[in-house]
file final.cif (mmCIF, C-alpha atoms)
data_final
loop_
_atom_site.group_PDB
_atom_site.id
_atom_site.type_symbol
_atom_site.label_atom_id
_atom_site.label_comp_id
_atom_site.auth_asym_id
_atom_site.auth_seq_id
_atom_site.Cartn_x
_atom_site.Cartn_y
_atom_site.Cartn_z
ATOM 1 C CA MET U 1 100.655 85.959 83.623
ATOM 2 C CA ASP U 2 102.809 89.050 83.381
ATOM 3 C CA ALA U 3 101.489 89.761 79.890
ATOM 4 C CA LEU U 4 97.947 89.619 81.302
ATOM 5 C CA LYS U 5 98.670 91.672 84.444
ATOM 6 C CA GLN U 6 96.537 94.667 83.455
ATOM 7 C CA MET U 7 93.584 92.415 82.673
ATOM 8 C CA TRP U 8 93.877 90.765 86.126
ATOM 9 C CA ILE U 9 94.053 94.150 87.821
ATOM 10 C CA GLU U 10 90.903 95.308 86.032
ATOM 11 C CA LEU U 11 89.058 92.091 86.908
ATOM 12 C CA LEU U 12 90.064 92.322 90.572
ATOM 13 C CA VAL U 13 88.933 95.946 90.728
ATOM 14 C CA GLU U 14 85.619 95.152 89.046
ATOM 15 C CA ARG U 15 84.907 92.130 91.240
ATOM 16 C CA TYR U 16 86.241 93.223 94.649
ATOM 17 C CA ASN U 17 86.577 97.020 94.520
ATOM 18 C CA PRO U 18 89.795 96.972 96.582
ATOM 19 C CA ARG U 19 91.384 100.065 98.110
ATOM 20 C CA ALA U 20 94.728 98.923 96.713
ATOM 21 C CA ILE U 21 96.421 96.126 94.796
ATOM 22 C CA VAL U 22 100.085 95.569 95.648
ATOM 23 C CA GLU U 23 102.524 93.830 93.338
ATOM 24 C CA ARG U 24 105.461 91.916 94.858
ATOM 25 C CA ASN U 25 107.383 90.387 91.963
ATOM 26 C CA GLU U 26 110.829 90.211 93.519
ATOM 27 C CA ALA U 27 111.859 86.626 92.818
ATOM 28 C CA ARG U 28 115.167 86.268 90.979
ATOM 29 C CA VAL U 29 113.564 83.683 88.702
ATOM 30 C CA ARG U 30 111.826 86.569 86.901
ATOM 31 C CA GLU U 31 115.197 87.602 85.502
ATOM 32 C CA LEU U 32 115.603 84.147 83.954
ATOM 33 C CA GLU U 33 112.371 84.825 82.074
ATOM 34 C CA GLY U 34 113.524 88.304 81.023
ATOM 35 C CA LEU U 35 111.060 90.028 83.361
ATOM 36 C CA PRO U 36 111.845 92.896 85.711
ATOM 37 C CA ARG U 37 111.718 92.481 89.468
ATOM 38 C CA THR U 38 109.079 94.928 90.684
ATOM 39 C CA THR U 39 107.378 95.987 93.888
ATOM 40 C CA GLY U 40 104.685 98.584 94.388
ATOM 41 C CA VAL U 41 101.083 99.622 94.217
ATOM 42 C CA VAL U 42 99.497 98.861 90.844
ATOM 43 C CA TYR U 43 96.047 100.148 91.820
ATOM 44 C CA GLY U 44 94.899 102.612 94.450
ATOM 45 C CA SER U 45 97.276 104.067 97.007
ATOM 46 C CA ASP U 46 99.828 102.618 99.413
ATOM 47 C CA PRO U 47 97.883 101.201 102.361
ATOM 48 C CA GLY U 48 100.844 101.694 104.728
ATOM 49 C CA GLU U 49 100.873 99.498 107.811
ATOM 50 C CA LEU U 50 97.930 97.157 108.229
ATOM 51 C CA VAL U 51 96.886 95.032 111.186
ATOM 52 C CA ILE U 52 95.766 91.521 110.349
ATOM 53 C CA GLU U 53 93.915 89.630 113.068
ATOM 54 C CA GLU U 54 93.375 85.892 113.000
ATOM 55 C CA ASN U 55 92.511 83.624 115.930
ATOM 56 C CA GLU U 56 93.104 86.596 118.263
ATOM 57 C CA VAL U 57 96.686 86.976 116.994
ATOM 58 C CA ARG U 58 97.502 90.404 115.546
ATOM 59 C CA LEU U 59 100.187 90.870 112.917
ATOM 60 C CA THR U 60 101.294 94.304 111.730
ATOM 61 C CA VAL U 61 102.349 94.201 108.089
ATOM 62 C CA ASN U 62 103.491 96.627 105.439
ATOM 63 C CA LEU U 63 102.646 95.140 102.054
ATOM 64 C CA VAL U 64 104.871 97.487 100.034
ATOM 65 C CA GLU U 65 107.949 98.057 102.158
ATOM 66 C CA GLY U 66 107.957 95.111 104.525
ATOM 67 C CA GLN U 67 109.296 91.634 104.125
ATOM 68 C CA LYS U 68 106.963 88.694 103.668
ATOM 69 C CA THR U 69 104.011 89.048 106.020
ATOM 70 C CA GLY U 70 104.092 85.483 107.316
ATOM 71 C CA ALA U 71 100.311 85.479 106.958
ATOM 72 C CA PHE U 72 100.204 82.491 104.635
ATOM 73 C CA LEU U 73 96.799 80.773 104.522
ATOM 74 C CA ASP U 74 98.331 77.321 104.926
ATOM 75 C CA GLN U 75 99.711 78.422 108.321
ATOM 76 C CA ARG U 76 96.356 79.389 109.850
ATOM 77 C CA GLU U 77 96.136 76.217 111.913
ATOM 78 C CA ASN U 78 99.653 76.779 113.255
ATOM 79 C CA ARG U 79 98.620 80.138 114.705
ATOM 80 C CA VAL U 80 95.777 78.624 116.752
ATOM 81 C CA PRO U 81 98.135 77.344 119.508
ATOM 82 C CA LEU U 82 99.828 80.745 119.542
ATOM 83 C CA ALA U 83 96.490 82.398 120.317
ATOM 84 C CA ALA U 84 95.831 79.865 123.092
ATOM 85 C CA THR U 85 99.253 80.507 124.627
ATOM 86 C CA ARG U 86 98.678 84.214 124.518
ATOM 87 C CA ALA U 87 95.249 83.865 126.152
ATOM 88 C CA THR U 88 96.663 81.914 129.098
ATOM 89 C CA SER U 89 99.514 84.397 129.665
ATOM 90 C CA ALA U 90 97.250 87.475 129.599
#

call {"tool": "encode", "arguments": {"input": "final.cif", "output": "C-alpha cells"}}
result
Amino acid sequence: MDALKQMWIELLVERYNPRAIVERNEARVRELEGLPRTTGVVYGSDPGELVIEENEVRLTVNLVEGQKTGAFLDQRENRVPLAATRATSA
C-alpha cells in the first residue's frame, strides 16, 4: 500500500475533493517492513481542531497532532447510551 500511496491520494482527491488528507503511519510494525513512521498532511492543509458530532455527542479532535480520535465506526452503537445519559442530565 505504501508504494501505491500517491495513487490512492490522487483517487481520493478525484472522487471526494477533500479539504485535506492526513496520514497517520506511526505503528512500530512499519519499521519491521523497512518503512518510515510518518504523520502529517499529504494533501491540502492542516485542518486543525475539528468537531465531530454523532448521536448528539460532540468530540473535538486534532487529526495531525492529537492522539487517536476514539471515533471508530465500530463504536457508534456504544456512543448511543452516552447521548441518552447526556440528554437526561441536561

call {"tool": "resolve_selection", "arguments": {"input": "final.cif", "expression": "the PyMOL selection byres ((chain U and resi 9) around 12)", "output": "number ranges by chain"}}
result
U: 1-8, 10-18, 20-23, 41-44

call {"tool": "atom_distance", "arguments": {"input": "final.cif", "atom1": "CA of Gln67 (chain U)", "atom2": "CA of Glu33 (chain U)"}}
result
23.3 Å

call {"tool": "closest_residue", "arguments": {"input": "final.cif", "among": "U:Leu32, U:Ala27, U:Leu63, U:Arg19", "to": "Leu50 (chain U)", "atoms": "all atoms listed in the file"}}
result
U:Leu63

call {"tool": "atom_distance", "arguments": {"input": "final.cif", "atom1": "CA of Glu31 (chain U)", "atom2": "CA of Asn62 (chain U)"}}
result
24.8 Å

call {"tool": "closest_residue", "arguments": {"input": "final.cif", "among": "U:Glu49, U:Thr38, U:Glu26, U:Val80", "to": "Gly66 (chain U)", "atoms": "all atoms listed in the file"}}
result
U:Glu49

call {"tool": "residues_around", "arguments": {"input": "final.cif", "residues": "Arg37 (chain U)", "least_positions_apart": "2", "cutoff": "10 Å", "atoms": "all atoms listed in the file", "output": "number ranges by chain"}}
result
U: 24-31, 34-35, 39

call {"tool": "atom_distance", "arguments": {"input": "final.cif", "atom1": "CA of Asp74 (chain U)", "atom2": "CA of Asp46 (chain U)"}}
result
25.9 Å
